[in-house]
file my_file-v7.tsv (TSV, C-alpha atoms and all ligand atoms)
chain	number	residue	atom	x	y	z
A	17	MET	CA	-22.24	4.27	-3.86
A	18	PHE	CA	-23.97	4.57	-7.27
A	19	PRO	CA	-25.51	2.82	-9.09
A	20	GLY	CA	-25.37	0.34	-6.19
A	21	PRO	CA	-28.64	-1.59	-6.04
A	22	LEU	CA	-29.94	0.47	-8.97
A	23	GLY	CA	-27.49	-1.50	-11.12
A	24	ALA	CA	-29.38	-4.75	-10.44
A	25	SER	CA	-32.77	-6.21	-11.26
A	26	LEU	CA	-35.49	-4.06	-12.89
A	27	ALA	CA	-33.69	-0.69	-12.59
A	28	GLY	CA	-30.36	-2.25	-13.58
A	29	ARG	CA	-31.76	-3.84	-16.74
A	30	ALA	CA	-33.40	-0.52	-17.67
A	31	LEU	CA	-30.09	1.27	-17.02
A	32	ALA	CA	-28.23	-1.21	-19.26
A	33	ALA	CA	-30.94	-0.79	-21.93
A	34	GLY	CA	-30.51	3.00	-21.89
A	35	ILE	CA	-34.07	3.66	-20.67
A	36	TRP	CA	-32.56	5.88	-18.01
A	37	GLU	CA	-29.11	7.29	-17.29
A	38	LEU	CA	-27.23	8.14	-14.15
A	39	GLU	CA	-24.34	10.58	-13.90
A	40	ALA	CA	-22.89	10.29	-10.41
A	41	ARG	CA	-20.58	13.08	-9.32
A	42	ASP	CA	-18.29	13.41	-6.34
A	43	ILE	CA	-18.69	16.77	-4.60
A	44	ARG	CA	-15.03	16.44	-3.57
A	45	ASP	CA	-14.04	17.01	-7.20
A	46	SER	CA	-15.14	20.63	-6.68
A	47	ALA	CA	-12.99	21.13	-3.55
A	48	THR	CA	-10.17	23.65	-3.82
A	49	ASP	CA	-7.68	22.58	-1.16
A	50	ARG	CA	-5.27	19.70	-1.24
A	51	HIS	CA	-7.27	17.77	1.36
A	52	ARG	CA	-10.31	18.02	-0.95
A	53	SER	CA	-12.41	19.19	2.00
A	54	VAL	CA	-16.07	19.98	1.40
A	55	ASP	CA	-17.32	20.73	4.91
A	56	ASP	CA	-16.56	23.04	7.84
A	57	THR	CA	-17.74	23.70	11.39
A	58	PRO	CA	-21.21	25.22	11.87
A	59	ALA	CA	-21.41	29.00	12.30
A	60	GLY	CA	-22.72	29.66	15.81
A	61	GLY	CA	-21.19	26.45	17.11
A	62	GLY	CA	-22.66	23.02	17.67
A	63	PRO	CA	-21.80	19.45	16.74
A	64	GLY	CA	-20.90	18.04	13.35
A	65	MET	CA	-19.87	19.60	10.10
A	66	VAL	CA	-21.75	21.55	7.42
A	67	LEU	CA	-21.37	21.16	3.65
A	68	ARG	CA	-19.86	24.39	2.32
A	69	ALA	CA	-22.03	26.59	0.08
A	70	ASP	CA	-19.23	27.54	-2.32
A	71	ILE	CA	-18.03	23.97	-2.89
A	72	LEU	CA	-21.53	22.53	-3.35
A	73	ALA	CA	-22.53	25.40	-5.67
A	74	ALA	CA	-19.45	24.70	-7.79
A	75	ALA	CA	-20.36	20.99	-7.93
A	76	ILE	CA	-23.92	21.80	-8.99
A	77	ASP	CA	-22.71	24.27	-11.62
A	78	ALA	CA	-20.20	21.72	-12.94
A	79	ALA	CA	-23.09	19.29	-13.45
A	80	ALA	CA	-24.71	22.05	-15.57
A	81	PRO	CA	-28.30	20.96	-15.03
A	82	ALA	CA	-30.55	22.04	-17.92
A	83	PRO	CA	-33.11	24.70	-17.00
A	84	GLY	CA	-36.37	23.05	-15.97
A	85	ARG	CA	-34.67	20.05	-14.43
A	86	PRO	CA	-35.87	19.67	-10.82
A	87	ARG	CA	-33.06	20.23	-8.32
A	88	LEU	CA	-33.61	18.14	-5.24
A	89	LEU	CA	-31.75	17.91	-1.94
A	90	MET	CA	-32.39	14.70	-0.01
A	91	SER	CA	-33.02	15.75	3.59
A	92	PRO	CA	-35.11	14.56	6.56
A	93	ARG	CA	-36.23	18.20	6.73
A	94	GLY	CA	-37.82	18.05	3.29
A	95	ARG	CA	-41.39	17.64	2.17
A	96	PRO	CA	-42.29	13.91	2.31
A	97	LEU	CA	-41.97	12.06	-1.00
A	98	THR	CA	-45.26	10.72	-2.37
A	99	GLN	CA	-46.23	8.49	-5.29
A	100	LEU	CA	-47.78	11.60	-6.89
A	101	ARG	CA	-44.42	13.42	-6.78
A	102	VAL	CA	-42.62	10.29	-8.00
A	103	ALA	CA	-44.96	10.06	-11.01
A	104	GLY	CA	-44.40	13.75	-11.77
A	105	LEU	CA	-40.60	13.30	-11.62
A	106	ALA	CA	-40.76	10.16	-13.79
A	107	ALA	CA	-42.75	12.07	-16.43
A	108	GLY	CA	-40.22	14.94	-16.50
A	109	PRO	CA	-36.65	15.47	-17.75
A	110	GLY	CA	-35.03	13.81	-14.71
A	111	PRO	CA	-33.80	15.53	-11.58
A	112	LEU	CA	-30.44	16.66	-10.31
A	113	ILE	CA	-30.21	15.20	-6.81
A	114	VAL	CA	-27.88	16.50	-4.12
A	115	CYS	CA	-27.01	13.96	-1.44
A	116	GLY	CA	-25.81	15.57	1.76
A	117	ARG	CA	-23.67	13.98	4.41
A	118	PHE	CA	-22.58	15.70	7.63
A	119	GLU	CA	-24.96	17.69	9.82
A	120	GLY	CA	-26.42	19.62	6.94
A	121	VAL	CA	-25.91	21.91	4.01
A	122	ASP	CA	-25.20	25.66	4.19
A	123	GLN	CA	-28.65	27.29	3.83
A	124	ARG	CA	-27.34	29.82	1.30
A	125	VAL	CA	-26.65	27.24	-1.40
A	126	ILE	CA	-30.13	25.75	-0.92
A	127	GLU	CA	-31.56	29.19	-1.69
A	128	ALA	CA	-29.04	30.30	-4.33
A	129	ARG	CA	-29.35	27.11	-6.41
A	130	GLY	CA	-33.08	26.64	-5.80
A	131	LEU	CA	-32.81	23.23	-4.15
A	132	GLU	CA	-36.07	21.57	-3.12
A	133	GLU	CA	-35.66	19.48	0.02
A	134	VAL	CA	-37.24	16.02	-0.18
A	135	SER	CA	-37.59	13.49	2.65
A	136	ILE	CA	-38.30	9.76	2.28
A	137	GLY	CA	-39.67	9.45	5.81
A	138	ASP	CA	-39.55	10.58	9.40
A	139	TYR	CA	-36.26	8.97	10.35
A	140	VAL	CA	-32.66	10.03	9.88
A	141	LEU	CA	-30.25	8.28	7.52
A	142	SER	CA	-26.51	8.94	7.71
A	143	GLY	CA	-26.58	10.48	4.24
A	144	GLY	CA	-28.81	11.28	1.30
A	145	GLU	CA	-27.53	8.56	-1.04
A	146	ILE	CA	-29.83	5.76	0.09
A	147	ALA	CA	-32.75	8.21	0.05
A	148	ALA	CA	-31.83	9.22	-3.51
A	149	MET	CA	-31.69	5.56	-4.54
A	150	ALA	CA	-35.17	5.01	-3.12
A	151	LEU	CA	-36.49	8.01	-5.03
A	152	LEU	CA	-34.79	6.93	-8.27
A	153	ASP	CA	-36.01	3.34	-7.95
A	154	ALA	CA	-39.59	4.55	-7.49
A	155	CYS	CA	-39.27	6.77	-10.59
A	156	VAL	CA	-37.47	4.30	-12.86
A	157	ARG	CA	-40.07	1.55	-12.48
A	158	LEU	CA	-42.67	3.96	-13.90
A	159	LEU	CA	-40.69	4.71	-17.08
A	160	PRO	CA	-42.20	3.28	-20.28
A	161	GLY	CA	-40.72	-0.14	-21.05
A	162	VAL	CA	-39.47	-0.87	-17.53
A	163	MET	CA	-42.37	-2.84	-16.06
A	164	GLY	CA	-43.55	-5.95	-17.86
A	165	ARG	CA	-47.22	-5.19	-18.02
A	166	LEU	CA	-48.49	-1.65	-18.33
A	167	GLU	CA	-51.23	-2.24	-15.78
A	168	SER	CA	-48.89	-3.68	-13.13
A	169	GLY	CA	-48.47	-0.13	-11.82
A	170	ALA	CA	-52.12	0.83	-11.95
A	171	ASP	CA	-53.61	-1.25	-9.15
A	172	GLU	CA	-50.93	-1.07	-6.51
A	173	SER	CA	-50.67	0.72	-3.18
A	174	PHE	CA	-51.10	4.52	-3.36
A	175	SER	CA	-52.05	4.77	-7.06
A	176	ALA	CA	-55.72	4.67	-6.10
A	177	GLY	CA	-55.12	6.19	-2.67
A	178	LEU	CA	-55.51	2.78	-1.05
A	179	LEU	CA	-53.05	0.18	0.19
A	180	GLU	CA	-52.82	-2.94	-1.95
A	181	TYR	CA	-55.17	-5.86	-1.35
A	182	PRO	CA	-53.67	-9.22	-0.22
A	183	GLN	CA	-52.30	-11.52	-2.93
A	184	TYR	CA	-52.24	-15.33	-3.07
A	185	THR	CA	-50.78	-17.99	-5.34
A	186	ARG	CA	-50.23	-21.74	-5.29
A	187	PRO	CA	-50.34	-23.94	-3.27
A	188	GLN	CA	-54.07	-23.78	-2.65
A	189	LEU	CA	-53.53	-24.89	0.95
A	190	PHE	CA	-50.51	-23.61	2.94
A	191	GLU	CA	-50.04	-24.88	6.51
A	192	GLY	CA	-53.79	-25.28	6.84
A	193	ARG	CA	-54.56	-21.84	5.34
A	194	PRO	CA	-56.63	-21.91	2.16
A	195	ILE	CA	-56.74	-19.24	-0.54
A	196	PRO	CA	-59.96	-17.20	-0.01
A	197	GLU	CA	-62.71	-19.00	-1.88
A	198	VAL	CA	-63.81	-15.92	-3.85
A	199	LEU	CA	-60.44	-15.77	-5.65
A	200	LEU	CA	-61.02	-19.25	-7.07
A	201	SER	CA	-64.60	-18.55	-8.11
A	202	GLY	CA	-63.78	-17.19	-11.54
A	203	ASP	CA	-66.35	-14.44	-10.89
A	204	HIS	CA	-64.40	-11.32	-11.88
A	205	ALA	CA	-66.95	-8.89	-10.43
A	206	ARG	CA	-66.92	-10.68	-7.06
A	207	VAL	CA	-63.11	-10.79	-7.07
A	208	ALA	CA	-62.92	-7.05	-7.82
A	209	ALA	CA	-65.42	-6.23	-5.06
A	210	TRP	CA	-63.54	-8.42	-2.56
A	211	ARG	CA	-60.22	-6.80	-3.42
A	212	ARG	CA	-61.67	-3.32	-3.12
A	213	ALA	CA	-63.18	-4.13	0.30
A	214	GLU	CA	-59.87	-5.65	1.53
A	215	ALA	CA	-57.91	-2.62	0.30
A	216	GLU	CA	-60.32	-0.26	2.02
A	217	ALA	CA	-60.25	-2.19	5.31
A	218	LEU	CA	-56.42	-2.29	5.30
A	219	THR	CA	-56.15	1.41	4.53
A	220	ARG	CA	-58.65	2.42	7.20
A	221	GLU	CA	-56.85	0.30	9.80
A	222	ARG	CA	-53.21	1.03	8.97
A	223	ARG	CA	-53.29	4.45	7.37
A	224	PRO	CA	-56.13	6.61	8.67
A	225	ASP	CA	-54.22	9.59	7.22
A	226	LEU	CA	-54.44	8.19	3.66
A	227	TRP	CA	-58.03	7.14	4.24
A	228	ALA	CA	-59.04	10.66	5.26
A	229	GLU	CA	-56.93	12.35	2.57
A	230	HIS	CA	-58.67	10.47	-0.18
A	231	GLY	CA	-62.10	11.55	0.83
A	232	HIS	CA	-63.20	8.51	2.79
A	233	ARG	CA	-64.08	10.42	5.95
A	234	ALA	CA	-67.12	9.11	7.90
A	235	GLY	CA	-69.64	7.94	5.38
A	236	GLY	CA	-68.16	9.90	2.47
A	237	GLN	CA	-67.52	8.17	-0.88
A	238	LYS	CA	-66.00	11.03	-2.82
A	239	ALA	CA	-64.32	10.54	-6.19
A	240	PRO	CA	-60.62	9.69	-5.78
A	241	LYS	CA	-58.12	12.50	-6.38
A	242	ASP	CA	-56.04	12.64	-9.55
A	243	THR	CA	-52.97	10.57	-8.75
A	244	THR	CA	-51.28	10.57	-12.15
A	245	GLY	CA	-48.92	13.41	-11.26
A	246	ARG	CA	-49.02	14.80	-14.81
B	301	LIG	N1	-31.04	12.14	4.57
B	301	LIG	C1	-31.01	11.68	5.83
B	301	LIG	N2	-32.21	11.26	6.24
B	301	LIG	C2	-33.05	11.42	5.19
B	301	LIG	C3	-34.42	11.18	4.97
B	301	LIG	N3	-35.21	10.66	5.91
B	301	LIG	N4	-34.95	11.50	3.78
B	301	LIG	C4	-34.19	12.05	2.82
B	301	LIG	N5	-32.88	12.30	2.95
B	301	LIG	C5	-32.31	12.00	4.13

call {"tool": "encode", "arguments": {"input": "my_file-v7.tsv", "output": "structure tokens", "more": "lines below"}}
Ligand code: ADE
result
Amino acid sequence: MFPGPLGASLAGRALAAGIWELEARDIRDSATDRHRSVDDTPAGGGPGMVLRADILAAAIDAAAPAPGRPRLLMSPRGRPLTQLRVAGLAAGPGPLIVCGRFEGVDQRVIEARGLEEVSIGDYVLSGGEIAAMALLDACVRLLPGVMGRLESGADESFSAGLLEYPQYTRPQLFEGRPIPEVLLSGDHARVAAWRRAEAEALTRERRPDLWAEHGHRAGGQKAPKDTTGR
């Protein structure tokens, strides 16, 4: 499945340029029987199959992750991924990421190999690979030399704790809808104030959780939190 979409576009060009590297491993290579099986039935009964602790531990050990490298397990049970965590991962040595399939992973390998469970949202995918790709894509675009302009990452959704303001480009009139007049005024201060107000209104309406988290509770105008992740 890898690099899959990470081999195209922005991430793909950065991969080809050696800005980041990907070493995909098949857990089946660490299986010990001739069927190369990696899973077994859950202790205590129940549906589905569970990834075996011994096989997964052997696969992790074979990857020989350097000490200090984050070891992540993509799982809907994990702590939700945030832009702050993404920025922290992008600034570090690069994670080892375990992608589970099946019903789950034997709890003992999670503990024994210090895996940190990470979720990309409150829904269930059929495996961790697509979740890992989402995490990697979010990290790679923050690496130096990947995005065209340095500031293209600074203003966007989440970096300032607000959703992004609406964008417009030509044509000036689209199906009877004009570009908001302020954006054509050339008045940079007015444009900035308009964008800020739009971003705040969108965030309040769509993401009251973000709005509250960033200190915008009733009347409050607290300083935004550090969102650099360093
Ligand atoms: N694997 C399956 N569902 C997932 C999710 N929502 N996040 C991360 N990994 C997953």

call {"tool": "residues_near_ligand", "arguments": {"input": "my_file-v7.tsv", "ligand": "ligand LIG 301 (chain B)", "cutoff": "9 Å", "atoms": "only C-alpha atoms and all ligand atoms", "output": "PyMOL selection string"}}
result
chain A and resi 89-94+96-97+115-117+133-148

call {"tool": "closest_atom_pairs", "arguments": {"input": "my_file-v7.tsv", "of": "stretch 52-129 of chain A", "to": "stretch 175-183 of chain A", "cutoff": "10 Å", "atoms": "all atoms listed in the file", "output": "tab-separated table"}}
result
residue	atom	partner	partner_atom	distance
A:Gln99	CA	A:Ser175	CA	7.1
A:Leu100	CA	A:Ser175	CA	8.1
A:Ala103	CA	A:Ser175	CA	9.7

call {"tool": "residues_around", "arguments": {"input": "my_file-v7.tsv", "residues": "A:Trp210", "least_positions_apart": "6", "cutoff": "10 Å", "atoms": "all atoms listed in the file", "output": "list in words"}}
result
Tyr181, Pro196, Val198, Leu199, His204 and Glu216 of chain A

call {"tool": "closest_residue", "arguments": {"input": "my_file-v7.tsv", "among": "A:Ala107, A:Leu189, A:Val125, A:Met65", "to": "A:Asp77", "atoms": "only C-alpha atoms"}}
result
A:Val125

call {"tool": "closest_residue", "arguments": {"input": "my_file-v7.tsv", "among": "A:Ala74, A:Leu26, A:Ala32, A:Met17", "to": "A:Cys155", "atoms": "all atoms listed in the file"}}
result
A:Leu26

call {"tool": "closest_residue", "arguments": {"input": "my_file-v7.tsv", "among": "A:Ala78, A:Leu105, A:Ala30, A:Met149", "to": "A:Met163", "atoms": "only C-alpha atoms"}}
result
A:Ala30

call {"tool": "atom_distance", "arguments": {"input": "my_file-v7.tsv", "atom1": "atom CA of A:Asp55", "atom2": "atom CA of A:Phe118"}}
result
7.8 Å

call {"tool": "closest_residue", "arguments": {"input": "my_file-v7.tsv", "among": "A:Leu218, A:Ala154, A:Val66, A:Ile71", "to": "A:Ala47", "atoms": "all atoms listed in the file"}}
result
A:Ile71

call {"tool": "atom_distance", "arguments": {"input": "my_file-v7.tsv", "atom1": "atom CA of A:Arg95", "atom2": "atom CA of A:Leu131"}}
result
12.0 Å

call {"tool": "atom_distance", "arguments": {"input": "my_file-v7.tsv", "atom1": "atom CA of A:Ser173", "atom2": "atom CA of A:Asp203"}}
result
23.1 Å

call {"tool": "residues_around", "arguments": {"input": "my_file-v7.tsv", "residues": "A:Ala82", "least_positions_apart": "2", "cutoff": "10 Å", "atoms": "only C-alpha atoms", "output": "list in words"}}
result
Ala79, Ala80, Gly84, Arg85, Pro86, Pro109, Gly110, Pro111 and Leu112 of chain A

call {"tool": "closest_residue", "arguments": {"input": "my_file-v7.tsv", "among": "A:Ala59, A:Ile113, A:Leu31, A:Val162", "to": "A:Ile43", "atoms": "only C-alpha atoms"}}
result
A:Ile113

call {"tool": "closest_residue", "arguments": {"input": "my_file-v7.tsv", "among": "A:Leu159, A:Ala33, A:Leu67, A:Ala208", "to": "A:Ala106", "atoms": "only C-alpha atoms"}}
result
A:Leu159

call {"tool": "axis_aligned_box", "arguments": {"input": "my_file-v7.tsv", "around": "stretch 187-193 of chain A", "padding_each_side": "5 Å", "output": "JSON"}}
result
{"center_x": -52.3, "center_y": -23.6, "center_z": 1.8, "size_x": 14.5, "size_y": 13.4, "size_z": 20.1}

call {"tool": "build_atoms", "arguments": {"input": "my_file-v7.tsv", "residues": "stretch 202-225 of chain A", "atoms": "N, CA, C and O atoms", "output": "JSON list (two decimals), keeping the file's coordinate frame"}}
result
[["chain", "number", "residue", "atom", "x", "y", "z"],
["A", 202, "GLY", "N", -63.71, -17.55, -10.13],
["A", 202, "GLY", "CA", -63.78, -17.19, -11.54],
["A", 202, "GLY", "C", -64.77, -16.07, -11.81],
["A", 202, "GLY", "O", -64.98, -15.68, -12.97],
["A", 203, "ASP", "N", -65.36, -15.54, -10.76],
["A", 203, "ASP", "CA", -66.35, -14.44, -10.89],
["A", 203, "ASP", "C", -65.58, -13.11, -10.75],
["A", 203, "ASP", "O", -65.29, -12.67, -9.64],
["A", 204, "HIS", "N", -65.28, -12.50, -11.89],
["A", 204, "HIS", "CA", -64.40, -11.32, -11.88],
["A", 204, "HIS", "C", -64.99, -10.16, -11.09],
["A", 204, "HIS", "O", -64.27, -9.42, -10.43],
["A", 205, "ALA", "N", -66.30, -10.00, -11.16],
["A", 205, "ALA", "CA", -66.95, -8.89, -10.43],
["A", 205, "ALA", "C", -66.83, -9.12, -8.91],
["A", 205, "ALA", "O", -66.53, -8.19, -8.16],
["A", 206, "ARG", "N", -67.04, -10.37, -8.49],
["A", 206, "ARG", "CA", -66.92, -10.68, -7.06],
["A", 206, "ARG", "C", -65.48, -10.51, -6.58],
["A", 206, "ARG", "O", -65.23, -10.02, -5.48],
["A", 207, "VAL", "N", -64.53, -10.94, -7.42],
["A", 207, "VAL", "CA", -63.11, -10.79, -7.07],
["A", 207, "VAL", "C", -62.77, -9.31, -6.91],
["A", 207, "VAL", "O", -62.14, -8.90, -5.92],
["A", 208, "ALA", "N", -63.21, -8.49, -7.86],
["A", 208, "ALA", "CA", -62.92, -7.05, -7.82],
["A", 208, "ALA", "C", -63.53, -6.42, -6.57],
["A", 208, "ALA", "O", -62.87, -5.61, -5.89],
["A", 209, "ALA", "N", -64.76, -6.80, -6.24],
["A", 209, "ALA", "CA", -65.42, -6.23, -5.06],
["A", 209, "ALA", "C", -64.71, -6.65, -3.79],
["A", 209, "ALA", "O", -64.53, -5.85, -2.86],
["A", 210, "TRP", "N", -64.27, -7.92, -3.74],
["A", 210, "TRP", "CA", -63.54, -8.42, -2.56],
["A", 210, "TRP", "C", -62.24, -7.67, -2.39],
["A", 210, "TRP", "O", -61.89, -7.24, -1.29],
["A", 211, "ARG", "N", -61.51, -7.50, -3.49],
["A", 211, "ARG", "CA", -60.22, -6.80, -3.42],
["A", 211, "ARG", "C", -60.40, -5.36, -2.96],
["A", 211, "ARG", "O", -59.62, -4.85, -2.15],
["A", 212, "ARG", "N", -61.39, -4.70, -3.49],
["A", 212, "ARG", "CA", -61.67, -3.32, -3.12],
["A", 212, "ARG", "C", -61.96, -3.23, -1.61],
["A", 212, "ARG", "O", -61.42, -2.37, -0.91],
["A", 213, "ALA", "N", -62.81, -4.15, -1.12],
["A", 213, "ALA", "CA", -63.18, -4.13, 0.30],
["A", 213, "ALA", "C", -61.96, -4.40, 1.18],
["A", 213, "ALA", "O", -61.79, -3.76, 2.23],
["A", 214, "GLU", "N", -61.09, -5.35, 0.76],
["A", 214, "GLU", "CA", -59.87, -5.65, 1.53],
["A", 214, "GLU", "C", -58.95, -4.44, 1.56],
["A", 214, "GLU", "O", -58.37, -4.11, 2.60],
["A", 215, "ALA", "N", -58.79, -3.80, 0.40],
["A", 215, "ALA", "CA", -57.91, -2.62, 0.30],
["A", 215, "ALA", "C", -58.44, -1.50, 1.19],
["A", 215, "ALA", "O", -57.66, -0.83, 1.89],
["A", 216, "GLU", "N", -59.73, -1.31, 1.19],
["A", 216, "GLU", "CA", -60.32, -0.26, 2.02],
["A", 216, "GLU", "C", -60.14, -0.56, 3.50],
["A", 216, "GLU", "O", -59.77, 0.32, 4.28],
["A", 217, "ALA", "N", -60.37, -1.82, 3.89],
["A", 217, "ALA", "CA", -60.25, -2.19, 5.31],
["A", 217, "ALA", "C", -58.80, -2.00, 5.79],
["A", 217, "ALA", "O", -58.55, -1.47, 6.87],
["A", 218, "LEU", "N", -57.83, -2.44, 4.95],
["A", 218, "LEU", "CA", -56.42, -2.29, 5.30],
["A", 218, "LEU", "C", -56.04, -0.82, 5.45],
["A", 218, "LEU", "O", -55.33, -0.45, 6.39],
["A", 219, "THR", "N", -56.50, -0.01, 4.52],
["A", 219, "THR", "CA", -56.15, 1.41, 4.53],
["A", 219, "THR", "C", -56.73, 2.11, 5.76],
["A", 219, "THR", "O", -56.04, 2.88, 6.43],
["A", 220, "ARG", "N", -57.99, 1.80, 6.05],
["A", 220, "ARG", "CA", -58.65, 2.42, 7.20],
["A", 220, "ARG", "C", -57.92, 2.07, 8.49],
["A", 220, "ARG", "O", -57.68, 2.90, 9.35],
["A", 221, "GLU", "N", -57.49, 0.79, 8.58],
["A", 221, "GLU", "CA", -56.85, 0.30, 9.80],
["A", 221, "GLU", "C", -55.42, 0.81, 9.95],
["A", 221, "GLU", "O", -55.01, 1.28, 11.01],
["A", 222, "ARG", "N", -54.63, 0.72, 8.85],
["A", 222, "ARG", "CA", -53.21, 1.03, 8.97],
["A", 222, "ARG", "C", -52.86, 2.47, 8.68],
["A", 222, "ARG", "O", -51.86, 2.98, 9.18],
["A", 223, "ARG", "N", -53.64, 3.10, 7.80],
["A", 223, "ARG", "CA", -53.29, 4.45, 7.37],
["A", 223, "ARG", "C", -54.49, 5.38, 7.38],
["A", 223, "ARG", "O", -54.98, 5.81, 6.31],
["A", 224, "PRO", "N", -54.98, 5.70, 8.59],
["A", 224, "PRO", "CA", -56.13, 6.61, 8.67],
["A", 224, "PRO", "C", -55.85, 7.95, 7.98],
["A", 224, "PRO", "O", -56.78, 8.59, 7.49],
["A", 225, "ASP", "N", -54.57, 8.34, 7.91],
["A", 225, "ASP", "CA", -54.22, 9.59, 7.22],
["A", 225, "ASP", "C", -54.53, 9.51, 5.73],
["A", 225, "ASP", "O", -55.14, 10.41, 5.15]]
